[in-house]
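Below: one structure, written as structure tokens.
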Protein chains: 2
Amino acid sequence: MSNTIHKRLNALRSFMEEKGLHAFIIPTTDSHLSEYPALHWAAREWISGFTGSAGTVVVTREKAGLWTDSRYFLQAETELEGSGVDLFKDGLPTTPTMEEWLGSELGRGESVGIDGNVYAAKEAFNLSHKLNMKGLHLISDYDPFASIWHDRPAIPTNPIFVLPEKYTGEAASKKIARICDIIEKQGAESLLVAALDTIAWIFNIRGNDVKCNPVAVSYAYISRKETVLFIDPKKLTAETSDYLKSEDVTIAEYSKIYDYVAKIQTSVCLDSNKVTFSLYNTIPSDNRIIDIPSPADLMKSIKNETEIQGFKNAMERDGVALVRFFMWLEKAIPQGGVTEIMIPQKLVEYRSQQDNFVGESFDTISGYGPNGAIVHYHVSEKSSLEVKAEGFLLIDSGAQYFDGTTDITRTVAVGPLSEQMKKDYTMVLKGHIDLATAIFPQGTRGSQLDILARRTMWDNGINYLHGTGHGIGHFLNVHEGPQNIRMNENPTTMLVGMVTSNEPGLYRAGQYGIRTENLILTQHETTTEFGDFYSFKTLTLCPIDTTPVIKEMLTAEEISWLNEYHKFVYDRLSPLLTEDEKRWLKDKTNEI
Amino acid sequence: MSNTIHKRLNALRSFMEEKGLHAFIIPTTDSHLSEYPALHWAAREWISGFTGSAGTVVVTREKAGLWTDSRYFLQAETELEGSGVDLFKDGLPTTPTMEEWLGSELGRGESVGIDGNVYAAKEAFNLSHKLNMKGLHLISDYDPFASIWHDRPAIPTNPIFVLPEKYTGEAASKKIARICDIIEKQGAESLLVAALDTIAWIFNIRGNDVKCNPVAVSYAYISRKETVLFIDPKKLTAETSDYLKSEDVTIAEYSKIYDYVAKIQTSVCLDSNKVTFSLYNTIPSDNRIIDIPSPADLMKSIKNETEIQGFKNAMERDGVALVRFFMWLEKAIPQGGVTEIMIPQKLVEYRSQQDNFVGESFDTISGYGPNGAIVHYHVSEKSSLEVKAEGFLLIDSGAQYFDGTTDITRTVAVGPLSEQMKKDYTMVLKGHIDLATAIFPQGTRGSQLDILARRTMWDNGINYLHGTGHGIGHFLNVHEGPQNIRMNENPTTMLVGMVTSNEPGLYRAGQYGIRTENLILTQHETTTEFGDFYSFKTLTLCPIDTTPVIKEMLTAEEISWLNEYHKFVYDRLSPLLTEDEKRWLKDKTNEI
């Protein structure tokens, strides 16, 4: 592999030399600023061999570097070995930023290239500013991979399908009308959208262009006068075309977005974090641009009654599959031969027996013992451990159903545990419960609530460096904004109808990892003289392993929550189970 | 009064007409963007009759309005009655912003005036932008009060004094050298400071120009080449001049700041929230401006060992005065005739008997019964209630000592309480303790910790709308930044050495108010494999009334904290007390 990477880097360097570029930056995203891009846009992986979901490669004439975060330090070290790409550990105080490094490697007046088609406008403006401060120029005109990546996959042409209103709860034309109302209040006449999940939500369409994310490569322009979906006609059937027409949507070729935008004469609303530099710069300069967080993203995050009911139904089916999976696991481990890599397959096997199942919502994380401590562990044939009858097994998995998306983590004791393991497990559970039971006034942000999941750990000098919760799409991306629950500030407030994950964790490097994750729905709790108060309703239906719990560490309220949650799981799932399964579930949901 | 206000408004309107202005905005600040300005700058009070510490008056040719926040709704209603100034309740969804209101009142192309000398640069830029969007122009050239306010107080010329190093712990010249190191890292060669408390801290000087705030009207320009203090020479004695010279500080006339800044040729660091629009615009346009949160403010917030010891010493003396005050109060109330307005006087009487006492650090809030529910209540002869032997009395007070500043709130049961009162009191106490006992990783912001003080209340559908904590100066302003503990985001992290208040409250309009406030010092707690963790050390020394406490509502840890705090108060104060006082304190600090 490292030989292949050297050849590719050389090809890029020849390209750079030809165009007079002294460095080239390759991010992980696509023309839609997706977290998970289709293979056509996987240039960062192709050029470096690094397979993680986050990271940026910078190539100069002499050197190359990958900047990635702590989730991927170990994986990147392994994957980059001998490639000629150096690892820069993002977030460490001693690591230079990409711009600082470029400042030290290049001379004043030299040029740094990006492909403006795969760079968020805001980031490119910031990059350009920082480079200018170091006397460097940003050139955004070239896509070197169009010429040097010979077997580059094409932009996908998979067909889309219409998600019927019985699942979406609102016609596309009504969503479009609501969007127009909202952007008009911001002084805009139109909305430009490149984000694939947002487009799928607005038009009630789903696709199959990105693994695990049921989206279709496309752009959208929305206004009272005309709403246009830019999409490859190969993706459309007569049925989908008719449907879109019936919703007053004009269809145009995917690549025509640039010509169209170049001619618009209107005040355009867009989110410069979610539109590429190239597309942004295509807007004629005399148009007013209203650059705000995407109003459609906020609308999408607030699930309607149909979507919420769909989530609940999907949770029941997912819960049944999980009961069957964990029953299998419990029997199989003592017999020996269960490996980490079997687990994703088994989960898909059980889930695929359920109605409305479409596929996984992300690659299952199945980490036994020390592998559980690697937060974004991706099991391979090489890394896969046998699950022995001791310690913890961490499984983070999820599915796409037509009526909802699931995402659940359970950590199970597969045998004897140390006292520290039990204490750690109970701390994670306390954090999970303390967030699940939060009551908070309207206007509260996730960053205010985050500490509830961490406080017990902090009291013990422990922390986890990932977020506590992310938004989740309705039969859409498993990670969506705009809300989240993290240590970092995010101005979005938690609104009634949002579905978010609740997933505190604790990781002891080289030993084990623990995470307990459910999905929670924001709901109205009460109205008092002090205003409206919200709370969370847990949606996920699956027992939480109680064998590691140190009961004395829980408060009476926490014990009640756990017992009530387990009663709720049993009541909802048992009617769908065989007698054998019921007995197993009864045992797993017993009061502590 | 309302007749006087009408006359003043008419004088302003004549001025506006003469200058072609269609509206004029009068904020509450001064040329140094002080929270509490010297009387010379109290134009907003003069023009409207509203005496609150926050609010903005907008006058058009026909109308006038005051925008103020919920703390002052009741007070403003009373004070504005008949004045011709309408109250606009800031923060309510139905209240238009000042700019929206101006947009609806004025016609396109009309002009809005401000005095650029009393408007933060950043706010004026934002205002100008918002007005432009409504087709209005901002004119910042006039100070109407220079001509229409005939008996306007002069800018104060009170003498300054040097605060010796035994209190400050660091020479001015060393602070200046540290500032230069920091701004150089930001690419700046000089720092421009208008904030009076920052100047007092940098130069180790104190003044007497603003009630309760020991600051002196001045500007400062700091650089390696030259550091200049712009101050009225009347304020200097031979001693202070000599001292400043010995620290390599050049002295210039206060008003010369504009001439000086107009000639600088350097990259200037400033905080556009803390420098006026006029001063900002005086900087020649070819200078690079590095506009960042004031590095000197962050340095000031991190107290050194000498300052911390000073705080601790001041707390002992303040605690002794408070013991004597509360002993007096306890005896006096049953005898009848104690009124709210007597309390500030009595507090000053006891505090002034202590060494190093300089004065109050703010106007004492002394609210009995329903007056306790008015968050920023300022007792007057008219409003002052008699304190009867029932319910709650809330007292928020503080003092300036040469070695530290205090700020403490106690709510005491002066007689029988209802069950709701006890429950509310205990909830506030739980919040206070939960924040006081927080442990958190380095890098944590106040907004993340704020919920600890509120969670029990939120669980019960209750909230308070003020911040939980503010920074506090060392023998300086009782409110200082950059850190705070609030629901609102503030990017400043809590750093070791910061002193902050911990003051949750609960207010039942028309019934009573409860607040319990101590000052807390951020300290290093532990270092683990997960990093550095910090905690708080409570500095304030005064018993917390335990008679309203419902013990069953407290956790074992909360009870321990309360008992340990009371032991700490007794141990520290008792050596300074008479036998009688010791007995009283012993009784008040008994374990619960």
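Identifiers for the structure tokens are assigned positionally: chains receive A, B, ... in sequence, residues are indexed from 1 per chain, and ligands are indexed from 1 in the order shown.
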Practice problem: May I have all residues of stretch 302-411 of chain B that DSSP, computed from the backbone, assigns to strand (DSSP E), given as a PyMOL selection string? | Solution: chain B and resi 357-360+365-368+392-397+399-401+404-405+408-411
Just-selected residues, C-alpha atoms written as a CSV table (one decimal), in the first residue's frame:
```
chain,number,residue,atom,x,y,z
B,357,PHE,CA,-12.2,49.4,55.4
B,358,VAL,CA,-12.7,51.8,52.5
B,359,GLY,CA,-16.4,51.8,51.8
B,360,GLU,CA,-19.3,49.8,50.4
B,365,ILE,CA,-29.9,45.4,48.7
B,366,SER,CA,-32.1,45.1,51.8
B,367,GLY,CA,-35.5,43.6,50.9
B,368,TYR,CA,-38.1,42.4,53.3
B,392,PHE,CA,-37.7,36.3,55.0
B,393,LEU,CA,-35.3,39.3,54.9
B,394,LEU,CA,-32.8,39.3,52.0
B,395,ILE,CA,-29.6,41.3,52.4
B,396,ASP,CA,-27.0,41.6,49.6
B,397,SER,CA,-24.1,43.8,50.6
B,399,ALA,CA,-17.4,46.2,51.2
B,400,GLN,CA,-14.1,47.5,49.8
B,401,TYR,CA,-11.0,46.9,51.9
B,404,GLY,CA,-10.0,42.8,49.0
B,405,THR,CA,-13.6,43.3,48.0
B,408,ILE,CA,-22.3,38.5,50.2
B,409,THR,CA,-26.0,37.7,50.3
B,410,ARG,CA,-27.8,36.1,53.2
B,411,THR,CA,-31.5,35.5,53.4
```
Self-check item: Spatial neighbours of B:Asp143, max dist 12 Å, only C-alpha atoms, sep filter under 4 positions, as a VMD selection string
Solution: chain B and resid 12 15 to 16 19 24 to 26 30 to 31 41 43 113 to 119 139 147 to 149 278
Residues from last step as file, C-alpha atoms, as a short mmCIF file (atom, residue, chain, number, x, y, z; two decimals), in the first residue's frame:
```cif
data_model
loop_
_atom_site.label_atom_id
_atom_site.label_comp_id
_atom_site.auth_asym_id
_atom_site.auth_seq_id
_atom_site.Cartn_x
_atom_site.Cartn_y
_atom_site.Cartn_z
CA LEU B 12 -32.92 67.62 23.62
CA PHE B 15 -30.91 70.29 19.89
CA MET B 16 -31.85 67.41 17.58
CA LYS B 19 -28.51 69.33 14.13
CA PHE B 24 -31.06 60.31 19.76
CA ILE B 25 -29.92 57.29 21.73
CA ILE B 26 -28.64 57.71 25.29
CA ASP B 30 -19.43 56.70 30.02
CA SER B 31 -16.31 57.26 27.91
CA TRP B 41 -22.02 60.80 32.48
CA ALA B 43 -27.23 61.59 31.12
CA GLY B 113 -27.65 60.42 16.80
CA ILE B 114 -25.41 58.97 19.44
CA ASP B 115 -22.49 60.47 21.30
CA GLY B 116 -19.63 58.35 19.98
CA ASN B 117 -17.75 59.23 23.15
CA VAL B 118 -20.04 57.12 25.29
CA TYR B 119 -20.73 54.21 22.96
CA ILE B 139 -24.42 60.29 13.34
CA SER B 147 -25.08 72.27 26.03
CA ILE B 148 -28.52 71.32 27.39
CA TRP B 149 -27.51 69.98 30.84
CA SER B 278 -14.88 57.91 18.90
#
```
Quiz prompt | Atomic separation - atom CA of B:Gly467 relative to atom CA of B:Gly91, Å | solution = 14.9 Å
Practice problem: List every residue of stretch 142-369 of chain A that DSSP, applied to the backbone of this structure, assigns to helix (DSSP H, G or I), and report them as a PyMOL selection string. | Solution: chain A and resi 145-148+165-168+172-185+196-203+233-235+238-246+254-263+277-282+295-301+305-335+342-352+369
For chain A, report every residue with an atom at most 9 Å from chain B (counting only C-alpha atoms), formatted as a tab-separated table (two decimals) with N, CA, C and O atoms, in the first residue's frame.
```tsv
chain	number	residue	atom	x	y	z
A	437	THR	N	-33.16	12.39	32.76
A	437	THR	CA	-34.20	12.90	33.67
A	437	THR	C	-34.18	14.42	33.79
A	437	THR	O	-34.88	14.98	34.63
A	438	ALA	N	-33.38	15.09	32.97
A	438	ALA	CA	-33.28	16.55	33.07
A	438	ALA	C	-34.61	17.22	32.78
A	438	ALA	O	-35.35	16.80	31.90
A	439	ILE	N	-34.89	18.27	33.52
A	439	ILE	CA	-36.00	19.17	33.23
A	439	ILE	C	-35.36	20.55	33.09
A	439	ILE	O	-34.49	20.90	33.89
A	440	PHE	N	-35.76	21.30	32.05
A	440	PHE	CA	-35.03	22.53	31.77
A	440	PHE	C	-35.94	23.54	31.10
A	440	PHE	O	-36.87	23.15	30.37
A	441	PRO	N	-35.70	24.83	31.33
A	441	PRO	CA	-36.59	25.83	30.73
A	441	PRO	C	-36.39	25.92	29.21
A	441	PRO	O	-35.30	25.64	28.71
A	444	THR	N	-33.02	26.46	26.67
A	444	THR	CA	-31.78	25.83	27.16
A	444	THR	C	-31.03	25.19	25.99
A	444	THR	O	-31.63	24.56	25.13
A	445	ARG	N	-29.71	25.35	25.99
A	445	ARG	CA	-28.86	24.77	24.96
A	445	ARG	C	-28.27	23.46	25.46
A	445	ARG	O	-28.09	23.26	26.67
A	447	SER	N	-25.26	22.55	25.46
A	447	SER	CA	-24.00	22.74	26.20
A	447	SER	C	-24.26	23.00	27.68
A	447	SER	O	-23.38	22.79	28.50
A	448	GLN	N	-25.48	23.47	28.00
A	448	GLN	CA	-25.80	23.68	29.42
A	448	GLN	C	-26.12	22.36	30.11
A	448	GLN	O	-25.93	22.21	31.31
A	449	LEU	N	-26.65	21.41	29.34
A	449	LEU	CA	-27.10	20.14	29.92
A	449	LEU	C	-25.99	19.10	29.98
A	449	LEU	O	-26.06	18.15	30.76
A	450	ASP	N	-24.98	19.30	29.15
A	450	ASP	CA	-23.93	18.30	28.98
A	450	ASP	C	-23.32	17.83	30.30
A	450	ASP	O	-23.05	16.64	30.50
A	451	ILE	N	-23.12	18.75	31.23
A	451	ILE	CA	-22.46	18.42	32.50
A	451	ILE	C	-23.24	17.37	33.29
A	451	ILE	O	-22.65	16.63	34.09
A	452	LEU	N	-24.55	17.28	33.07
A	452	LEU	CA	-25.33	16.30	33.83
A	452	LEU	C	-24.79	14.89	33.57
A	452	LEU	O	-24.74	14.07	34.47
A	455	ARG	N	-20.98	14.86	35.39
A	455	ARG	CA	-20.62	15.35	36.71
A	455	ARG	C	-20.01	14.26	37.61
A	455	ARG	O	-19.00	14.50	38.26
A	458	TRP	N	-16.51	13.67	36.50
A	458	TRP	CA	-15.64	14.80	36.86
A	458	TRP	C	-15.30	14.76	38.36
A	458	TRP	O	-14.16	15.05	38.74
A	459	ASP	N	-16.29	14.43	39.17
A	459	ASP	CA	-16.03	14.34	40.62
A	459	ASP	C	-14.90	13.36	40.90
A	459	ASP	O	-14.24	13.44	41.94
A	460	ASN	N	-14.71	12.40	40.01
A	460	ASN	CA	-13.69	11.39	40.18
A	460	ASN	C	-12.49	11.59	39.26
A	460	ASN	O	-11.71	10.66	39.03
A	461	GLY	N	-12.35	12.80	38.70
A	461	GLY	CA	-11.19	13.11	37.86
A	461	GLY	C	-11.19	12.37	36.53
A	461	GLY	O	-10.14	12.04	35.99
A	462	ILE	N	-12.38	12.08	36.02
A	462	ILE	CA	-12.53	11.32	34.77
A	462	ILE	C	-13.32	12.17	33.78
A	462	ILE	O	-14.19	12.94	34.18
A	463	ASN	N	-13.03	12.01	32.50
A	463	ASN	CA	-13.82	12.71	31.47
A	463	ASN	C	-13.78	11.90	30.19
A	463	ASN	O	-12.95	11.00	30.05
A	464	TYR	N	-14.71	12.16	29.30
A	464	TYR	CA	-14.64	11.57	27.96
A	464	TYR	C	-14.64	12.73	26.98
A	464	TYR	O	-15.27	13.76	27.22
A	487	MET	N	-19.68	19.56	25.32
A	487	MET	CA	-19.00	20.57	26.13
A	487	MET	C	-18.90	21.88	25.35
A	487	MET	O	-19.02	22.95	25.91
A	489	GLU	N	-19.77	25.01	22.94
A	489	GLU	CA	-20.98	25.82	22.78
A	489	GLU	C	-21.60	25.59	21.41
A	489	GLU	O	-20.90	25.42	20.41
A	490	ASN	N	-22.92	25.59	21.38
A	490	ASN	CA	-23.71	25.52	20.15
A	490	ASN	C	-24.96	26.33	20.49
A	490	ASN	O	-25.67	25.99	21.43
A	491	PRO	N	-25.22	27.41	19.74
A	491	PRO	CA	-26.31	28.29	20.15
A	491	PRO	C	-27.72	27.70	20.00
A	491	PRO	O	-28.68	28.29	20.48
A	525	GLU	N	-42.77	19.54	29.35
A	525	GLU	CA	-42.97	18.92	30.65
A	525	GLU	C	-44.03	19.66	31.46
A	525	GLU	O	-44.98	19.06	31.95
A	526	THR	N	-43.88	20.98	31.60
A	526	THR	CA	-44.82	21.73	32.44
A	526	THR	C	-44.72	23.21	32.11
A	526	THR	O	-43.73	23.68	31.54
A	527	THR	N	-45.78	23.93	32.46
A	527	THR	CA	-45.75	25.39	32.35
A	527	THR	C	-46.06	25.94	33.74
A	527	THR	O	-47.06	25.54	34.35
A	528	THR	N	-45.19	26.78	34.24
A	528	THR	CA	-45.40	27.35	35.57
A	528	THR	C	-45.31	28.87	35.46
A	528	THR	O	-45.10	29.41	34.36
A	529	GLU	N	-45.42	29.57	36.59
A	529	GLU	CA	-45.26	31.03	36.59
A	529	GLU	C	-43.87	31.43	36.09
A	529	GLU	O	-43.64	32.58	35.73
A	530	PHE	N	-42.93	30.46	36.07
A	530	PHE	CA	-41.57	30.74	35.62
A	530	PHE	C	-41.38	30.40	34.14
A	530	PHE	O	-40.26	30.49	33.63
A	531	GLY	N	-42.43	29.97	33.46
A	531	GLY	CA	-42.31	29.71	32.02
A	531	GLY	C	-42.52	28.25	31.67
A	531	GLY	O	-43.01	27.45	32.46
A	532	ASP	N	-42.15	27.92	30.40
A	532	ASP	CA	-42.30	26.55	29.89
A	532	ASP	C	-41.05	25.74	30.22
A	532	ASP	O	-39.93	26.23	30.03
A	533	PHE	N	-41.26	24.53	30.66
A	533	PHE	CA	-40.15	23.62	30.95
A	533	PHE	C	-40.26	22.38	30.09
A	533	PHE	O	-41.36	21.87	29.86
```
Practice problem: Give me the residues within 12 Å of A:Asp181 as an NGL selection string, counting only C-alpha atoms and dropping any in the same chain fewer than 6 places off. | Solution: :A and (174-175 or 187-191 or 222-224 or 295-296)
Quiz prompt | Nearby residues (only C-alpha atoms) at most 6 Å from stretch 153-170 of chain A, same-chain spacing under 6 positions excluded, as an MDAnalysis selection string | solution = chainID A and resid 40 204:207 209 235:236 306:307 403
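Counting only C-alpha atoms, stretch 3-11 of chain B has the following residues at most 6 Å away, ignoring those fewer than 2 positions along the same chain: Met1, Arg13, Ser14, Ile47 and Ser83 of chain B.
Residues surrounding stretch 270-275 of chain B within 8 Å are Ser31, His32, Leu33, Ala120, Ala121, Lys122, Glu123, Leu191, Leu192, Val193, Ala194, Ala195, Tyr280, Ile289, Ile290, Asp291, Ile292, Pro293 and Ser294 of chain B [only C-alpha atoms; sequence separation below 5 positions excluded].
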Would you put the residues from that selection into a file with all heavy atoms, as a compact mmCIF listing (two decimals), in the first residue's frame?
```txt
# COMPACT_ATOMS: atom_id res chain seq x y z
N SER B 31 -17.37 57.35 28.93
CA SER B 31 -16.31 57.26 27.91
C SER B 31 -15.38 56.09 28.17
O SER B 31 -14.46 55.84 27.40
CB SER B 31 -15.48 58.54 27.88
OG SER B 31 -16.32 59.62 27.53
N HIS B 32 -15.62 55.36 29.27
CA HIS B 32 -14.78 54.21 29.61
C HIS B 32 -15.60 52.93 29.61
O HIS B 32 -15.13 51.90 30.06
CB HIS B 32 -14.10 54.49 30.95
CG HIS B 32 -13.35 55.77 30.91
ND1 HIS B 32 -12.08 55.87 30.40
CD2 HIS B 32 -13.74 57.05 31.22
CE1 HIS B 32 -11.70 57.14 30.43
NE2 HIS B 32 -12.69 57.88 30.92
N LEU B 33 -16.85 53.04 29.15
CA LEU B 33 -17.76 51.90 29.06
C LEU B 33 -17.96 51.24 30.43
O LEU B 33 -18.05 50.01 30.55
CB LEU B 33 -17.30 50.88 28.00
CG LEU B 33 -17.37 51.33 26.53
CD1 LEU B 33 -18.55 52.26 26.28
CD2 LEU B 33 -16.13 51.89 25.95
N ALA B 120 -19.70 52.00 23.01
CA ALA B 120 -18.66 51.03 22.67
C ALA B 120 -18.55 50.93 21.15
O ALA B 120 -19.56 50.94 20.44
CB ALA B 120 -18.98 49.66 23.25
N ALA B 121 -17.31 50.85 20.67
CA ALA B 121 -17.07 50.81 19.22
C ALA B 121 -17.87 49.67 18.58
O ALA B 121 -18.56 49.87 17.58
CB ALA B 121 -15.58 50.64 18.95
N LYS B 122 -17.80 48.49 19.15
CA LYS B 122 -18.45 47.34 18.55
C LYS B 122 -19.96 47.55 18.47
O LYS B 122 -20.58 47.27 17.44
CB LYS B 122 -18.15 46.08 19.36
CG LYS B 122 -18.56 44.82 18.64
CD LYS B 122 -18.06 43.61 19.38
CE LYS B 122 -17.68 42.51 18.43
NZ LYS B 122 -16.82 41.52 19.10
N GLU B 123 -20.53 48.05 19.57
CA GLU B 123 -21.97 48.28 19.59
C GLU B 123 -22.37 49.33 18.56
O GLU B 123 -23.41 49.21 17.92
CB GLU B 123 -22.40 48.76 20.97
CG GLU B 123 -22.75 47.64 21.91
CD GLU B 123 -23.18 48.18 23.26
OE1 GLU B 123 -24.21 48.86 23.32
OE2 GLU B 123 -22.46 47.91 24.23
N LEU B 191 -1.14 48.32 23.47
CA LEU B 191 -2.49 48.03 23.98
C LEU B 191 -3.12 49.35 24.40
O LEU B 191 -2.50 50.15 25.11
CB LEU B 191 -2.39 47.08 25.19
CG LEU B 191 -3.71 46.73 25.89
CD1 LEU B 191 -4.55 45.80 25.03
CD2 LEU B 191 -3.44 46.08 27.25
N LEU B 192 -4.35 49.54 23.94
CA LEU B 192 -5.09 50.76 24.28
C LEU B 192 -6.17 50.37 25.28
O LEU B 192 -6.97 49.46 25.02
CB LEU B 192 -5.70 51.33 22.99
CG LEU B 192 -6.36 52.69 23.04
CD1 LEU B 192 -5.39 53.76 23.50
CD2 LEU B 192 -6.91 53.03 21.66
N VAL B 193 -6.18 51.03 26.45
CA VAL B 193 -7.12 50.66 27.50
C VAL B 193 -7.93 51.88 27.94
O VAL B 193 -7.36 52.94 28.25
CB VAL B 193 -6.41 50.09 28.75
CG1 VAL B 193 -7.42 49.49 29.72
CG2 VAL B 193 -5.37 49.04 28.36
N ALA B 194 -9.25 51.72 27.96
CA ALA B 194 -10.12 52.77 28.46
C ALA B 194 -10.84 52.33 29.74
O ALA B 194 -11.38 53.17 30.46
CB ALA B 194 -11.15 53.16 27.39
N ALA B 195 -10.86 51.02 30.01
CA ALA B 195 -11.61 50.50 31.17
C ALA B 195 -10.92 50.92 32.47
O ALA B 195 -9.74 50.64 32.68
CB ALA B 195 -11.72 48.99 31.09
N TYR B 280 -11.92 54.67 18.92
CA TYR B 280 -11.58 53.69 17.88
C TYR B 280 -11.36 54.40 16.54
O TYR B 280 -10.38 54.15 15.84
CB TYR B 280 -12.72 52.68 17.78
CG TYR B 280 -12.45 51.49 16.89
CD1 TYR B 280 -12.12 50.25 17.44
CD2 TYR B 280 -12.54 51.59 15.50
CE1 TYR B 280 -11.89 49.15 16.63
CE2 TYR B 280 -12.30 50.49 14.69
CZ TYR B 280 -11.99 49.27 15.26
OH TYR B 280 -11.76 48.18 14.47
N ILE B 289 -5.40 46.97 13.59
CA ILE B 289 -6.08 46.87 14.88
C ILE B 289 -6.31 45.40 15.20
O ILE B 289 -6.89 44.67 14.39
CB ILE B 289 -7.43 47.64 14.85
CG1 ILE B 289 -7.16 49.14 14.70
CG2 ILE B 289 -8.24 47.36 16.11
CD1 ILE B 289 -8.41 49.99 14.61
N ILE B 290 -5.80 44.95 16.34
CA ILE B 290 -6.04 43.57 16.77
C ILE B 290 -7.11 43.63 17.84
O ILE B 290 -6.86 43.99 18.99
CB ILE B 290 -4.73 42.93 17.28
CG1 ILE B 290 -3.79 42.71 16.09
CG2 ILE B 290 -4.99 41.57 17.94
CD1 ILE B 290 -2.58 43.52 16.13
N ASP B 291 -8.33 43.32 17.40
CA ASP B 291 -9.51 43.51 18.26
C ASP B 291 -9.82 42.19 18.96
O ASP B 291 -10.42 41.29 18.36
CB ASP B 291 -10.67 43.98 17.38
CG ASP B 291 -11.94 44.22 18.17
OD1 ASP B 291 -11.90 44.12 19.41
OD2 ASP B 291 -12.98 44.51 17.52
N ILE B 292 -9.41 42.05 20.18
CA ILE B 292 -9.61 40.81 20.94
C ILE B 292 -10.06 41.15 22.36
O ILE B 292 -9.87 42.27 22.83
CB ILE B 292 -8.31 39.96 21.00
CG1 ILE B 292 -7.14 40.79 21.56
CG2 ILE B 292 -7.94 39.39 19.64
CD1 ILE B 292 -5.89 39.98 21.85
N PRO B 293 -10.66 40.17 23.06
CA PRO B 293 -10.98 40.41 24.46
C PRO B 293 -9.71 40.85 25.20
O PRO B 293 -8.65 40.27 25.01
CB PRO B 293 -11.45 39.04 24.95
CG PRO B 293 -11.93 38.33 23.72
CD PRO B 293 -11.05 38.82 22.61
N SER B 294 -9.84 41.87 26.01
CA SER B 294 -8.67 42.51 26.63
C SER B 294 -7.80 41.51 27.38
O SER B 294 -8.23 40.90 28.36
CB SER B 294 -9.15 43.59 27.60
OG SER B 294 -8.07 44.04 28.37
```
